[in-house]
Amino acid sequence: MIKEQLPILILAVPLLASFAITLFARKSKIAAFALLVGAMGMSFVFAIGVMRQILDTGRVIHYHIGNWQPPFGIELVIDHLNAMVLVLVSGAAFLTAIYSKNTVPAEVPYRFPGEEVPERVPNYYTLYALLVTGLLGIVATGDAFNMFVLLEISALSSYALLALGGGRAYFATFKYLIVGTIGACFYLLGVGYLYIKTGSLNMPDLKVILTSPALAESPTVMIAFMLIITGIWIKMAFFPLHGWLPNAYTYASTTTSCLVAPLMTKVSVYMMIRLMFSVFSAHYIFDRLGWQNGVVWLAAAAILFGSISALGQTNLKRMLCYIIVAEVGYMVGGVWLANADGLIGATYHILSDAMMTLCLFMAVGAVIYKTGDASLYAMRGIFRKMPVTSVVFVIGALAMIGIPPTCGFFSKWYLVSGAIEARHWGFAVALLISSLINAVIFFRIIEIGYFPLFDEQEGEGGHHAHDRAVIAEAPFSMLLPMVLTALSLIAIGLYSNEIITGLVGRTIPAGLL
Amino acid sequence: MKLLSLVISLTLGFLLLLATADLPDWGDPQSPASIHVSNYYIENSVEQTSVPNFVTSVLADYRGYDTMFETIVIFCAGITVLTILRRSHRQKKKEVRPRPAREGKDLILISAARIIAPMMQIFALYVVAHGHHSPGGGFQGGVILGSSFILLALAYDLETILKRLKERSVIIMSGIGVAIYMGIGMICLFLGGNFLDYSAWSSVLGVSAVEARSHGMLGVEIGVAVTVMYIMFSLYADLSSGGEMDEGL
């Protein structure tokens with residue numbers, strides 16, 4: 001019995017946890033933390049269960065909520081693609097939940113510096129669980145309107161979590177709130193037009209109706225597609241719609257950045273892939289509309305813009321934020337290359353980029369937690385003071401640059417070969433330039449971390465500095481998820497063949513092979 | 001920048017006009033939205049759920065999963081406002097932005113509010129309970145209930161009402177509301193049905209599967225009403241006092 005109910009349990013458990021924290025853990029930080037970690041862990045286990053079920057049977061799971069047949073009721077549809085994303089979201093949320101033990105009580109209760117409101121901590125955990133529920137729901141659903149409702153939940157809770165950074169985060173989040181709401185409105189408007197033209201909201205049903213010849217020429221359907229895609233691009237901060245992202249994510253508290261930065265943009269990329277190929281079709285988008293060339297150029301611009309902006313940052317978190325803007329360009333470009341290699345690269349990159357971003361944000365978060373400084377110079381002497389954190393950072397950096405055997409190499413390999421197959425040299429060159437810029441960015445940081453600054457060396461006289469450096473490593477609750485994330489980067493890279501043939505490769509829609 | 005905004009707005013407006021050109025005529029009985037799924041709801045609602053108001057049956061049963069998350073959106077909004085605005089008790093005295101002080105109590109306002117509030121509340125309960133047969137339901141009933149308390153808070157002051165309706169219980173009750181909805185859905189799993197399949201309740205309630213769906217909908221509507229009522233009041237309390245929970249407006 002439990003086997004059939006696993007799909008709904010993946011998101012029901014975090015949701016129940018959010019109520020349980022509100023009802024029973026209002027006074028106790030530890031109880032709230034324990035409920036959150038327990039729920040995220042269970043959700044992760046269930047997600048793995050669903051993935052195993054799909055790998056064993058090879059069949060798509062349809063779960064009818066309320067036992068109504070689609071298209072009359074809402075169904076969850078889980079195939080190879082979203083099984084992987086479900087495992088990713090629940091896994092990353094679980095790791096970040098463990099990570100939050102020390103950082104949340106240290107940062108979240110302060111409304112402004114010096115003004116402490118202890119009630120904020122349990123509420124923070126409630127919102128955390130709601131955000132994860134929303135993301136898992138977006139990934140699991142097979143209904144276009146239900147996706148909007150869950151998008152609202154994830155957006156609303158992410159605004160709250162980002163604003164809880166305090167201080168400047170309020171204003172940055174307010175801007176994000178306006179922009180994000182516009183994005184959600186675009187999506188809703190697009191789904192509304194689709195409903196007027198088809199009378200259905202169920203994704204497989206929509207696809208059948210939309211592929212009928214009567215609707216192929218309809219301008220309404222085309223504009224619906226434009227609105228939906230633009231809405232999602234706003235949500236994923238695709239250049240030039242990325243303006244809200246750097247500030248919103250930079251001023252957020254450490255745990256929020258670790259949770260929101262890897263997952264929100266990646267789930268939006270998933271949404272784009274799902275809607276492009278499961279509601280519309282590859283034939284409609286690439287053959288009828290034929291915008292792929294322009295979009296891939298835009299993606300190349302996003303990559304160059306993101307990478308070059310990242311190069312100019314002195315704040316570690318802001319630098320990572322611009323790298324996210326570049327990475328979104330990788331994935332959008334990969335999908336719109338309109339061939340199997342590009343889509344495999346983009347889909348695999350959802351997984352690998354989420355874990356790389358998580359790894360780097362966790363490492364940077366640990367540095368900020370210990371030094372209280374978010375600038376590049378917080379990394380001074382980090383290899384001596386925080387050896388584990390710095391190794392984790394280096395692994396994340398290597399993956400971001402794309403050095404084998406980390407996962408970043410394999411996604412770039414597929415993306416570049418997809419670009420070559422599509423004969424889109426601009427995108428291929430942008431990918432290579434971005435890798436080189438990443439190498440410059442990260443080797444510069446590693447250099448700052450490895451060698452003491454020149455003026456310090458002068459002043460303190462060489463070896464004296466070495467003697468006085470003490471190990472001041474982050475607490476175990478932060479190190480454990482960090483190390484696990486770093487290991488997963490290597491594991492995802494080593495098992496890239498299995499992941500691509502077993503999961504990612506199974507999701508290539510007809511018409512792209 | 002202004003010019004860019006103008007260009008974007010005009011382009012969007014043009015696209016939306018272009019999209020409407022292709023839409024089916026207003027009220028066309030042959031439009032896709034009127035012939036695909038909606039006929040199924042109209043024809044089968046009574047037979048399958050024993051609820052004559054098929055707006056309610058679509059909202060709370062066929063697409064009950066959406067409605068559950070809509071309720072959670074409200075819950076989430078309440079928690080968000082509370083978490084961001086709420087100030088600590090210790091720094092309560094520190095005034096950030098002075099508000100005009102209240103001058104005495106208005107007899108006419110208070111007397112009117114005292115008569116109106118109970119009537120609103122009884123009407124709200126009717127709206128919640130009668131949602132199956134007439135327009136209404138949990139959201140509407142909850143809003144009316146919540147606004148009856150807001151009316152009292154405006155007529156007296158926020159502190160007086162907060163003595164009756166404790167801040168802590170407001171949060172807990174709003175959580176209980178969504179938990180009722182979720183709980184009704186989760187218990188279906190243990191009774192052998194899918195999530196939110198109210199017909200699984202028939203063995204517990206001792207009624208037919210169709211009748212059980214109707215009862216399930218009443219249950220979730222009550223959950224919705226509880227959450228909406230408390231969150232409405234909580235939003236008012238936080239926003240009107242700037243998160244200080246003092247006398248308010």
# chains A, B, ... in the order shown; residues from 1 in each chain; ligands from 1
>>> residues_around(residues="A:Val108", least_positions_apart="5", cutoff="12 Å", atoms="only C-alpha atoms", output="MDAnalysis selection string")
(chainID A and resid 29 100:103 113:125 160:167 169 252:256) or (chainID B and resid 83:84)
>>> write_last_selection(atoms="N, CA, C and O atoms", output="tab-separated table (two decimals), in the first residue's frame")
chain	number	residue	atom	x	y	z
A	29	LYS	N	13.55	25.94	19.84
A	29	LYS	CA	14.31	25.93	18.60
A	29	LYS	C	14.73	24.52	18.22
A	29	LYS	O	14.71	24.13	17.06
A	100	SER	N	21.50	24.09	8.89
A	100	SER	CA	20.87	25.26	9.50
A	100	SER	C	20.99	25.30	11.02
A	100	SER	O	20.64	26.31	11.62
A	101	LYS	N	21.47	24.23	11.65
A	101	LYS	CA	21.40	24.14	13.12
A	101	LYS	C	22.07	25.33	13.80
A	101	LYS	O	21.50	25.92	14.72
A	102	ASN	N	23.25	25.70	13.35
A	102	ASN	CA	23.95	26.81	14.00
A	102	ASN	C	23.69	28.15	13.33
A	102	ASN	O	23.69	29.18	14.00
A	103	THR	N	23.52	28.14	12.01
A	103	THR	CA	23.43	29.43	11.33
A	103	THR	C	22.11	30.12	11.59
A	103	THR	O	22.07	31.34	11.71
A	113	PRO	N	20.05	44.84	13.41
A	113	PRO	CA	21.14	44.57	14.35
A	113	PRO	C	20.78	45.05	15.76
A	113	PRO	O	20.37	46.20	15.94
A	114	GLY	N	20.86	44.17	16.73
A	114	GLY	CA	20.57	44.55	18.11
A	114	GLY	C	19.14	44.34	18.54
A	114	GLY	O	18.85	44.38	19.72
A	115	GLU	N	18.24	44.12	17.60
A	115	GLU	CA	16.85	43.88	18.00
A	115	GLU	C	16.51	42.41	17.78
A	115	GLU	O	16.30	41.97	16.65
A	116	GLU	N	16.46	41.65	18.88
A	116	GLU	CA	16.28	40.22	18.75
A	116	GLU	C	14.81	39.83	18.96
A	116	GLU	O	14.18	40.28	19.92
A	117	VAL	N	14.27	39.03	18.05
A	117	VAL	CA	12.91	38.51	18.20
A	117	VAL	C	13.01	37.00	18.11
A	117	VAL	O	13.07	36.44	17.01
A	118	PRO	N	13.05	36.30	19.25
A	118	PRO	CA	13.32	34.85	19.21
A	118	PRO	C	12.24	34.05	18.47
A	118	PRO	O	12.53	32.98	17.95
A	119	GLU	N	11.00	34.57	18.41
A	119	GLU	CA	9.92	33.80	17.75
A	119	GLU	C	10.19	33.60	16.28
A	119	GLU	O	9.53	32.80	15.63
A	120	ARG	N	11.15	34.35	15.74
A	120	ARG	CA	11.37	34.22	14.30
A	120	ARG	C	11.94	32.85	13.93
A	120	ARG	O	11.75	32.41	12.80
A	121	VAL	N	12.63	32.18	14.86
A	121	VAL	CA	13.30	30.93	14.48
A	121	VAL	C	12.29	29.83	14.13
A	121	VAL	O	12.37	29.25	13.04
A	122	PRO	N	11.31	29.51	15.00
A	122	PRO	CA	10.34	28.48	14.59
A	122	PRO	C	9.57	28.87	13.33
A	122	PRO	O	9.33	28.02	12.47
A	123	ASN	N	9.22	30.15	13.20
A	123	ASN	CA	8.52	30.57	11.99
A	123	ASN	C	9.39	30.37	10.75
A	123	ASN	O	8.90	30.01	9.68
A	124	TYR	N	10.68	30.61	10.94
A	124	TYR	CA	11.61	30.39	9.83
A	124	TYR	C	11.54	28.93	9.37
A	124	TYR	O	11.46	28.64	8.18
A	125	TYR	N	11.53	28.02	10.34
A	125	TYR	CA	11.49	26.60	9.97
A	125	TYR	C	10.16	26.23	9.32
A	125	TYR	O	10.11	25.41	8.40
A	160	ALA	N	9.63	35.42	2.05
A	160	ALA	CA	9.74	35.54	3.51
A	160	ALA	C	11.13	35.15	3.98
A	160	ALA	O	11.76	35.86	4.76
A	161	LEU	N	11.62	34.02	3.47
A	161	LEU	CA	12.92	33.54	3.93
A	161	LEU	C	14.03	34.52	3.56
A	161	LEU	O	14.94	34.79	4.35
A	162	LEU	N	13.94	35.07	2.33
A	162	LEU	CA	14.99	36.01	1.91
A	162	LEU	C	14.93	37.28	2.74
A	162	LEU	O	15.96	37.82	3.16
A	163	ALA	N	13.71	37.76	3.02
A	163	ALA	CA	13.58	39.00	3.80
A	163	ALA	C	14.09	38.81	5.21
A	163	ALA	O	14.53	39.77	5.85
A	164	LEU	N	14.05	37.57	5.73
A	164	LEU	CA	14.49	37.34	7.10
A	164	LEU	C	16.00	37.51	7.26
A	164	LEU	O	16.52	37.34	8.36
A	165	GLY	N	16.69	37.81	6.19
A	165	GLY	CA	18.10	38.17	6.34
A	165	GLY	C	18.27	39.46	7.13
A	165	GLY	O	19.36	39.73	7.63
A	166	GLY	N	17.20	40.25	7.24
A	166	GLY	CA	17.27	41.48	8.03
A	166	GLY	C	18.01	42.59	7.29
A	166	GLY	O	18.62	42.37	6.25
A	167	GLY	N	17.93	43.80	7.82
A	167	GLY	CA	18.68	44.92	7.26
A	167	GLY	C	18.35	45.18	5.81
A	167	GLY	O	17.19	45.42	5.45
A	169	ALA	N	18.20	43.24	3.39
A	169	ALA	CA	17.46	42.18	2.70
A	169	ALA	C	16.01	42.59	2.46
A	169	ALA	O	15.42	42.17	1.47
A	252	ALA	N	20.49	37.75	1.82
A	252	ALA	CA	19.75	36.73	2.58
A	252	ALA	C	20.66	36.11	3.63
A	252	ALA	O	21.88	36.22	3.55
A	253	SER	N	20.04	35.45	4.63
A	253	SER	CA	20.86	34.78	5.62
A	253	SER	C	21.50	33.54	4.98
A	253	SER	O	21.08	33.09	3.92
A	254	THR	N	22.53	33.02	5.64
A	254	THR	CA	23.33	31.94	5.06
A	254	THR	C	22.48	30.75	4.66
A	254	THR	O	22.57	30.25	3.53
A	255	THR	N	21.63	30.28	5.59
A	255	THR	CA	20.84	29.08	5.30
A	255	THR	C	19.90	29.33	4.13
A	255	THR	O	19.71	28.47	3.28
A	256	THR	N	19.30	30.53	4.10
A	256	THR	CA	18.37	30.83	3.01
A	256	THR	C	19.10	30.77	1.68
A	256	THR	O	18.59	30.18	0.72
B	83	THR	N	6.00	37.09	10.85
B	83	THR	CA	7.42	36.91	11.14
B	83	THR	C	8.22	38.17	10.83
B	83	THR	O	9.13	38.53	11.55
B	84	ILE	N	7.85	38.84	9.73
B	84	ILE	CA	8.66	39.99	9.34
B	84	ILE	C	8.33	41.22	10.18
B	84	ILE	O	9.22	41.97	10.58
>>> interface_residues(of="chain A", to="chain B", cutoff="6 Å", atoms="only C-alpha atoms", output="MDAnalysis selection string")
chainID A and resid 19 23 65:67 73 117 120 146 153 160 196:199 219:220
>>> atom_distance(atom1="atom CA of A:Asn82", atom2="atom CA of B:Ala60")
27.0 Å
>>> atom_distance(atom1="atom CA of B:Ser50", atom2="atom CA of B:Glu211")
6.1 Å
>>> atom_distance(atom1="atom CA of B:Glu43", atom2="atom CA of B:Ala225")
28.0 Å
>>> residues_around(residues="A:Ala20", least_positions_apart="5", cutoff="9 Å", atoms="only C-alpha atoms", output="PDB file with N, CA and C atoms, in the first residue's frame")
ATOM      1  N   LEU A  15       5.015  19.132   4.371  1.00  0.00           N
ATOM      2  CA  LEU A  15       3.859  19.980   4.664  1.00  0.00           C
ATOM      3  C   LEU A  15       3.371  19.738   6.091  1.00  0.00           C
ATOM      4  N   ALA A  25       6.041  23.390  18.175  1.00  0.00           N
ATOM      5  CA  ALA A  25       7.433  23.777  18.455  1.00  0.00           C
ATOM      6  C   ALA A  25       7.594  25.283  18.485  1.00  0.00           C
ATOM      7  N   ALA A  32      11.897  22.414  16.805  1.00  0.00           N
ATOM      8  CA  ALA A  32      11.584  22.821  15.432  1.00  0.00           C
ATOM      9  C   ALA A  32      12.627  22.275  14.470  1.00  0.00           C
ATOM     10  N   LEU A  35      12.169  18.482  14.035  1.00  0.00           N
ATOM     11  CA  LEU A  35      11.037  18.167  13.163  1.00  0.00           C
ATOM     12  C   LEU A  35      11.401  18.395  11.702  1.00  0.00           C
ATOM     13  N   THR A 126       9.070  26.845   9.785  1.00  0.00           N
ATOM     14  CA  THR A 126       7.784  26.594   9.129  1.00  0.00           C
ATOM     15  C   THR A 126       7.853  26.998   7.665  1.00  0.00           C
TER      16      THR A 126
ATOM     17  N   GLY B 175      -2.925  27.394  12.099  1.00  0.00           N
ATOM     18  CA  GLY B 175      -2.262  26.133  11.758  1.00  0.00           C
ATOM     19  C   GLY B 175      -3.226  24.963  11.836  1.00  0.00           C
ATOM     20  N   ALA B 179      -4.311  22.177   9.066  1.00  0.00           N
ATOM     21  CA  ALA B 179      -4.079  20.792   9.478  1.00  0.00           C
ATOM     22  C   ALA B 179      -5.363  19.973   9.376  1.00  0.00           C
TER      23      ALA B 179
END
>>> residues_around(residues="B:Val46", least_positions_apart="6", cutoff="12 Å", atoms="only C-alpha atoms", output="list in words")
Tyr40, Pro52, Asn53, Phe54, Val55, Thr56, Ser57, Val58, His132, His133, Val210, Glu211, Arg213 and Ser214 of chain B
>>> residues_around(residues="A:Ile500", least_positions_apart="6", cutoff="12 Å", atoms="only C-alpha atoms", output="list in words")
His80, Leu81, Met84, Ala340, Asp341, Leu343, Ile344, Gly345, Ala346, Thr347, Tyr348, His349, Leu351, Ser352, Cys407, Phe410, Ser411, Tyr414, Ile492, Gly493, Leu494, Arg506, Thr507 and Ile508 of chain A
>>> select_by_dssp(residues="stretch 52-233 of chain B", states="alpha helix (DSSP H)", output="VMD selection string")
chain B and resid 54 to 57 64 to 85 107 to 129 138 to 155 158 to 164 167 to 190 202 to 205 209 to 233
>>> residues_around(residues="A:Val77", least_positions_apart="3", cutoff="10 Å", atoms="only C-alpha atoms", output="ChimeraX atom specification")
/A:7,60-64,74,82-83,139-143,203-204
>>> residues_around(residues="A:Ser309", least_positions_apart="6", cutoff="10 Å", atoms="only C-alpha atoms", output="ChimeraX atom specification")
/A:303,318-319,321-323,325-326
>>> decode(residues="stretch 5-18 of chain B", atoms="all heavy atoms", output="CSV table (one decimal), in the first residue's frame")
chain,number,residue,atom,x,y,z
B,5,SER,N,10.1,51.3,-20.7
B,5,SER,CA,8.9,50.8,-20.1
B,5,SER,C,7.7,51.0,-21.0
B,5,SER,O,6.9,50.1,-21.1
B,5,SER,CB,8.6,51.5,-18.8
B,5,SER,OG,9.8,51.6,-18.0
B,6,LEU,N,7.7,52.1,-21.7
B,6,LEU,CA,6.6,52.4,-22.6
B,6,LEU,C,6.6,51.3,-23.7
B,6,LEU,O,5.5,50.8,-24.1
B,6,LEU,CB,6.7,53.8,-23.2
B,6,LEU,CG,5.6,54.2,-24.1
B,6,LEU,CD1,4.3,54.4,-23.3
B,6,LEU,CD2,5.9,55.5,-24.9
B,7,VAL,N,7.8,51.1,-24.3
B,7,VAL,CA,7.9,50.2,-25.4
B,7,VAL,C,7.4,48.8,-24.9
B,7,VAL,O,6.6,48.1,-25.6
B,7,VAL,CB,9.3,50.1,-25.9
B,7,VAL,CG1,9.5,49.0,-26.9
B,7,VAL,CG2,9.7,51.5,-26.6
B,8,ILE,N,7.9,48.4,-23.8
B,8,ILE,CA,7.5,47.1,-23.3
B,8,ILE,C,6.0,47.0,-23.1
B,8,ILE,O,5.4,46.0,-23.5
B,8,ILE,CB,8.3,46.7,-22.0
B,8,ILE,CG1,9.8,46.6,-22.3
B,8,ILE,CG2,7.7,45.5,-21.3
B,8,ILE,CD1,10.6,46.4,-21.1
B,9,SER,N,5.4,48.0,-22.4
B,9,SER,CA,4.0,48.0,-22.2
B,9,SER,C,3.2,47.9,-23.5
B,9,SER,O,2.2,47.1,-23.6
B,9,SER,CB,3.5,49.2,-21.4
B,9,SER,OG,4.4,49.5,-20.4
B,10,LEU,N,3.6,48.7,-24.5
B,10,LEU,CA,2.9,48.7,-25.7
B,10,LEU,C,3.0,47.4,-26.4
B,10,LEU,O,2.0,46.8,-26.9
B,10,LEU,CB,3.4,49.8,-26.6
B,10,LEU,CG,3.0,51.2,-26.2
B,10,LEU,CD1,3.5,52.3,-27.2
B,10,LEU,CD2,1.5,51.4,-26.1
B,11,THR,N,4.2,46.8,-26.4
B,11,THR,CA,4.4,45.5,-27.0
B,11,THR,C,3.5,44.4,-26.4
B,11,THR,O,2.8,43.7,-27.0
B,11,THR,CB,5.8,45.0,-26.9
B,11,THR,OG1,6.7,46.1,-27.2
B,11,THR,CG2,6.1,43.9,-27.9
B,12,LEU,N,3.5,44.5,-25.0
B,12,LEU,CA,2.7,43.5,-24.3
B,12,LEU,C,1.2,43.7,-24.6
B,12,LEU,O,0.5,42.7,-24.9
B,12,LEU,CB,2.9,43.6,-22.8
B,12,LEU,CG,2.2,42.5,-22.0
B,12,LEU,CD1,2.7,41.2,-22.3
B,12,LEU,CD2,2.4,42.8,-20.5
B,13,GLY,N,0.8,45.0,-24.6
B,13,GLY,CA,-0.6,45.3,-24.9
B,13,GLY,C,-1.0,44.8,-26.3
B,13,GLY,O,-2.1,44.2,-26.5
B,14,PHE,N,-0.1,45.0,-27.3
B,14,PHE,CA,-0.4,44.6,-28.6
B,14,PHE,C,-0.5,43.0,-28.7
B,14,PHE,O,-1.4,42.5,-29.3
B,14,PHE,CB,0.8,45.0,-29.5
B,14,PHE,CG,0.7,44.5,-30.9
B,14,PHE,CD1,-0.3,45.0,-31.8
B,14,PHE,CD2,1.6,43.5,-31.4
B,14,PHE,CE1,-0.4,44.5,-33.1
B,14,PHE,CE2,1.5,43.0,-32.6
B,14,PHE,CZ,0.5,43.5,-33.5
B,15,LEU,N,0.4,42.3,-28.0
B,15,LEU,CA,0.4,40.9,-28.0
B,15,LEU,C,-0.9,40.4,-27.4
B,15,LEU,O,-1.6,39.4,-27.9
B,15,LEU,CB,1.5,40.3,-27.2
B,15,LEU,CG,2.9,40.4,-28.0
B,15,LEU,CD1,4.0,39.9,-27.1
B,15,LEU,CD2,2.8,39.6,-29.2
B,16,LEU,N,-1.4,41.0,-26.3
B,16,LEU,CA,-2.6,40.6,-25.6
B,16,LEU,C,-3.8,40.8,-26.6
B,16,LEU,O,-4.7,40.0,-26.6
B,16,LEU,CB,-2.8,41.3,-24.3
B,16,LEU,CG,-1.7,40.9,-23.2
B,16,LEU,CD1,-2.0,41.7,-22.0
B,16,LEU,CD2,-1.7,39.4,-23.0
B,17,LEU,N,-3.8,41.9,-27.3
B,17,LEU,CA,-4.9,42.2,-28.2
B,17,LEU,C,-4.9,41.1,-29.3
B,17,LEU,O,-5.9,40.6,-29.7
B,17,LEU,CB,-4.7,43.6,-28.8
B,17,LEU,CG,-5.2,44.7,-28.0
B,17,LEU,CD1,-5.0,46.0,-28.7
B,17,LEU,CD2,-6.7,44.6,-27.7
B,18,LEU,N,-3.7,40.8,-29.8
B,18,LEU,CA,-3.5,39.8,-30.8
B,18,LEU,C,-4.1,38.5,-30.4
B,18,LEU,O,-4.8,37.8,-31.1
B,18,LEU,CB,-2.1,39.7,-31.2
B,18,LEU,CG,-1.7,39.0,-32.5
B,18,LEU,CD1,-2.2,39.8,-33.7
B,18,LEU,CD2,-0.2,38.8,-32.6
